[in-house]
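Just below is one structure, and these are the notes that go with it.
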Amino acid sequence: MNTIKEFKFKVGDAIPEFRAPPLTRLTLALYCGASGDYNPIHVDSDYARNVAGLDDVIGPGMLTMAYLGRLLTNWVPQQSLLEFQTRLLAPSRPGDCIVCTGRITAIEEGSPRIIRLELQAENQDGKKLAIGAAVVGI
Amino acid sequence: MLDRTLIGHRFPPFQVELEKGRLRLFAKAIGETNPIYTDEDAARTAGYRSLPMPPTYPFCLGKDIPDPFDTLHLFGLDFAEILHGEQSFRYRLPACAGDTLYGQKRVSDIYARKNGALEFIVVVTEFKDGEGRVVCEAEQTIVVQRRAGS
């Protein structure tokens with residue numbers, strides 16, 4: 001966790017990737033209850049098919065963002081995180097294996113030292129689910 | 001077309017407690033393995049007062065209110081017409097289990113793209129602590145896709 005104290009990264013470097021476990025319907029149900037986001041499109045396949053006109057439920061974008069958050073907090077202590085943003089491009093589907101990656105785009109010397117990152121979450125087929133950015137102060 | 005006069009609309013202020021059990025459930029839901037998010041001793045060793053609020057959790061705080069879908073109801077929209085397009089957070093102070101946060105949501109912008117086929121609602125939620133200090137800000141962009149006939 002705190003290996004970041006000896007900061008050896010430079011602009012362009014990738015941070016250690018984070019691979020989420022395969023997305024199960026149990027995870028979707030737990031996330032629904034834990035997040036308070038009771039939009040039925042994420043858990044109720046009857047609703048997804050009959051009302052929303054989809055083949056099946058789709059994963060919440062905020063779960064994808066939560067995985068990007070894990071990418072960040074696996075890399076730096078959460079106190080360092082100053083800003084975090086995500087554009088949600090496509091929903092996840094049950095069975096997806098989401099891979100989160102990040103790359104340093106800028107380092108601004110100062111106290112704290114400011115690190116800017118670009119972030120991406122894609123599924124096992126390389127489909128981009130989300131892109132984002134973060135600002136970290138170390 | 002969405003009612004542009006609702007730009008600036010403020011929803012009723014709310015207060016919400018960061019509950020330890022709920023934070024543990026959230027950690028379980030996102031598969032979190034770092035013990036600081038589930039074990040208070042580990043959290044304290046890492047310098048937190050208690051379990052820290054994870055980075056995306058402020059979004060969930062905005063759902064812990066009597067009408068979590070107040071934005072949809074304000075604009076008369078259905079779940080099936082909307083997508084969550086963007087989300088951002090700005091963090092000012094750490095928040096931990098046991099803290100009470102005071103939230104205020106407002107419609108900060110409404111705009112259209114593709115000749116009005118897509119409309120966007122931007123909702124900003126500011127969270128303060130008991131002393132009125134800003135803890136974090138969450139900004140959600142909702143994409144509205146009108147269905148045929150509506």
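Residue numbering restarts at 1 for every chain of the structure tokens, chains are lettered A, B, ... in their displayed order, and ligands are numbered from 1 as they appear.
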
* **Proximal residues of chain B relative to chain A (only C-alpha atoms; 7 Å) as a list in words** => Arg22, Leu25, Phe26, Ala29, Ile30, Pro55, Thr56, Cys60, Lys63, Asp64, Phe79, Ala80, His84, Gly85, Glu86, Gln87, Ser88, Phe89, Arg90, Tyr91 and Pro94 of chain B

* Asked: Tell me, which residues of range 33-147 of chain B carry DSSP strand (DSSP E or B), written as a PyMOL selection string?
  -> chain B and resi 52+82-91+96+100-113+118-128+134-145

* DSSP-assigned alpha helix (DSSP H) among range 35-91 of chain B, expressed as an NGL selection string -> :B and (40-45 or 57-61 or 70-75)

Preceding selection exported with all heavy atoms as a compact mmCIF listing (two decimals), in the first residue's frame:
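Wrote out-v2.txt, looks like this:
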```
# COMPACT_ATOMS: atom_id res chain seq x y z
N GLU B 40 -12.06 -2.14 11.67
CA GLU B 40 -11.76 -0.85 12.30
C GLU B 40 -10.33 -0.74 12.80
O GLU B 40 -9.73 0.34 12.72
CB GLU B 40 -12.71 -0.61 13.47
CG GLU B 40 -14.01 0.04 13.06
CD GLU B 40 -14.71 0.65 14.25
OE1 GLU B 40 -15.13 -0.12 15.14
OE2 GLU B 40 -14.83 1.89 14.29
N ASP B 41 -9.78 -1.84 13.32
CA ASP B 41 -8.41 -1.78 13.81
C ASP B 41 -7.46 -1.47 12.65
O ASP B 41 -6.54 -0.64 12.79
CB ASP B 41 -8.01 -3.11 14.48
CG ASP B 41 -8.70 -3.30 15.82
OD1 ASP B 41 -9.14 -2.28 16.40
OD2 ASP B 41 -8.81 -4.46 16.27
N ALA B 42 -7.69 -2.13 11.52
CA ALA B 42 -6.84 -1.87 10.34
C ALA B 42 -7.01 -0.43 9.88
O ALA B 42 -6.04 0.24 9.50
CB ALA B 42 -7.21 -2.84 9.22
N ALA B 43 -8.25 0.07 9.95
CA ALA B 43 -8.50 1.45 9.54
C ALA B 43 -7.76 2.43 10.45
O ALA B 43 -7.13 3.39 9.99
CB ALA B 43 -10.00 1.74 9.55
N ARG B 44 -7.80 2.17 11.76
CA ARG B 44 -7.13 3.07 12.71
C ARG B 44 -5.62 3.02 12.54
O ARG B 44 -4.95 4.05 12.60
CB ARG B 44 -7.53 2.70 14.14
CG ARG B 44 -8.99 3.02 14.42
CD ARG B 44 -9.28 3.18 15.92
NE ARG B 44 -10.68 3.53 16.08
CZ ARG B 44 -11.61 2.65 16.46
NH1 ARG B 44 -11.30 1.40 16.76
NH2 ARG B 44 -12.88 3.03 16.56
N THR B 45 -5.10 1.82 12.30
CA THR B 45 -3.66 1.69 12.06
C THR B 45 -3.25 2.51 10.85
O THR B 45 -2.15 3.07 10.79
CB THR B 45 -3.29 0.20 11.87
OG1 THR B 45 -3.72 -0.52 13.02
CG2 THR B 45 -1.80 0.00 11.67
N TYR B 57 -18.53 6.14 -2.72
CA TYR B 57 -19.66 6.02 -1.81
C TYR B 57 -20.50 7.29 -1.67
O TYR B 57 -21.72 7.19 -1.39
CB TYR B 57 -19.19 5.52 -0.44
CG TYR B 57 -20.31 4.95 0.40
CD1 TYR B 57 -20.78 3.67 0.16
CD2 TYR B 57 -20.92 5.70 1.39
CE1 TYR B 57 -21.83 3.14 0.89
CE2 TYR B 57 -21.97 5.17 2.13
CZ TYR B 57 -22.42 3.90 1.88
OH TYR B 57 -23.46 3.38 2.61
N PRO B 58 -19.94 8.48 -1.87
CA PRO B 58 -20.82 9.67 -1.79
C PRO B 58 -22.04 9.56 -2.70
O PRO B 58 -23.10 10.10 -2.39
CB PRO B 58 -19.89 10.82 -2.20
CG PRO B 58 -18.53 10.35 -1.80
CD PRO B 58 -18.53 8.87 -2.06
N PHE B 59 -21.88 8.87 -3.83
CA PHE B 59 -23.03 8.67 -4.71
C PHE B 59 -24.15 7.92 -3.97
O PHE B 59 -25.34 8.24 -4.12
CB PHE B 59 -22.61 7.87 -5.96
CG PHE B 59 -23.75 7.58 -6.90
CD1 PHE B 59 -24.20 8.55 -7.77
CD2 PHE B 59 -24.38 6.34 -6.90
CE1 PHE B 59 -25.25 8.29 -8.64
CE2 PHE B 59 -25.43 6.07 -7.76
CZ PHE B 59 -25.87 7.05 -8.62
N CYS B 60 -23.74 6.94 -3.16
CA CYS B 60 -24.72 6.13 -2.42
C CYS B 60 -25.41 6.97 -1.34
O CYS B 60 -26.59 6.79 -1.06
CB CYS B 60 -24.05 4.93 -1.79
SG CYS B 60 -23.07 3.98 -2.96
N LEU B 61 -24.66 7.91 -0.74
CA LEU B 61 -25.25 8.77 0.29
C LEU B 61 -26.43 9.54 -0.28
O LEU B 61 -27.43 9.76 0.40
CB LEU B 61 -24.21 9.77 0.81
CG LEU B 61 -23.02 9.22 1.55
CD1 LEU B 61 -22.08 10.36 1.91
CD2 LEU B 61 -23.47 8.49 2.81
N ASP B 70 -35.40 11.46 -6.88
CA ASP B 70 -36.08 12.76 -6.93
C ASP B 70 -35.83 13.49 -8.24
O ASP B 70 -36.71 14.21 -8.73
CB ASP B 70 -35.68 13.62 -5.72
CG ASP B 70 -34.18 13.70 -5.48
OD1 ASP B 70 -33.40 13.19 -6.33
OD2 ASP B 70 -33.78 14.26 -4.44
N THR B 71 -34.64 13.29 -8.82
CA THR B 71 -34.36 13.99 -10.09
C THR B 71 -35.30 13.49 -11.19
O THR B 71 -35.86 14.28 -11.95
CB THR B 71 -32.89 13.79 -10.51
OG1 THR B 71 -32.06 14.17 -9.42
CG2 THR B 71 -32.55 14.64 -11.73
N LEU B 72 -35.48 12.17 -11.24
CA LEU B 72 -36.39 11.60 -12.26
C LEU B 72 -37.80 12.12 -12.04
O LEU B 72 -38.49 12.49 -13.00
CB LEU B 72 -36.41 10.07 -12.19
CG LEU B 72 -35.10 9.34 -12.40
CD1 LEU B 72 -35.35 7.86 -12.65
CD2 LEU B 72 -34.33 9.93 -13.56
N HIS B 73 -38.22 12.16 -10.80
CA HIS B 73 -39.58 12.59 -10.51
C HIS B 73 -39.76 14.08 -10.81
O HIS B 73 -40.80 14.49 -11.31
CB HIS B 73 -39.94 12.27 -9.05
CG HIS B 73 -39.94 10.79 -8.80
ND1 HIS B 73 -39.54 10.22 -7.62
CD2 HIS B 73 -40.25 9.75 -9.61
CE1 HIS B 73 -39.62 8.89 -7.71
NE2 HIS B 73 -40.06 8.59 -8.92
N LEU B 74 -38.72 14.86 -10.54
CA LEU B 74 -38.79 16.30 -10.83
C LEU B 74 -39.05 16.53 -12.32
O LEU B 74 -39.81 17.42 -12.71
CB LEU B 74 -37.48 16.98 -10.41
CG LEU B 74 -37.39 18.49 -10.66
CD1 LEU B 74 -38.32 19.24 -9.71
CD2 LEU B 74 -35.95 18.98 -10.46
N PHE B 75 -38.40 15.71 -13.16
CA PHE B 75 -38.52 15.91 -14.61
C PHE B 75 -39.55 14.98 -15.26
O PHE B 75 -39.73 15.01 -16.47
CB PHE B 75 -37.15 15.70 -15.27
CG PHE B 75 -36.17 16.80 -14.99
CD1 PHE B 75 -35.28 16.70 -13.93
CD2 PHE B 75 -36.16 17.95 -15.76
CE1 PHE B 75 -34.38 17.72 -13.65
CE2 PHE B 75 -35.26 18.98 -15.49
CZ PHE B 75 -34.37 18.86 -14.43
```

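Between CA of Gln104 in chain B and CA of Glu131 in chain B lies a distance of 14.9 Å.
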
* Neighbour list for Ile107 in chain A as a ChimeraX atom specification, cut-off 8 Å, only C-alpha atoms, skip fewer than 4 positions in-chain -> /A:10-11,113-116

* Closest to Ile58 in chain A among B:Leu83, B:Ile7, B:Gly130, B:Asp78, using only C-alpha atoms? -> B:Leu83

* Who sits within 9 Å of Glu17 in chain B, only C-alpha atoms, same chain under 6 positions skipped, as a PyMOL selection string -> chain B and resi 61+97-102

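CA of Pro22 in chain A sits 18.9 Å away from CA of Asp44 in chain A.
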
* **Exercise: Gln145 in chain B partners within 8 Å, only C-alpha atoms, chain neighbours under 2 positions left out, as a PyMOL selection string** => chain B and resi 81-83+117-119+143+147

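Taking only C-alpha atoms into account, Pro12 in chain B lies nearest to B:Asp67 out of the set B:Gly76, B:Asp67, B:Tyr111, B:Arg133.
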
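Interatomic distance, CA of Leu2 in chain B to CA of Pro68 in chain B: 19.7 Å.
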
* Asked: Could you name the residues that touch Asp13 in chain A at 7 Å or less, counting only C-alpha atoms, but leaving out those on the same chain fewer than 4 positions away, as number ranges by chain?
  -> A: 9, 103-104

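The smallest atom-to-atom distance between Thr24 in chain A and any of B:Gly31, B:Thr141, B:Ala46, B:Pro52, using only C-alpha atoms, is found for B:Gly31.
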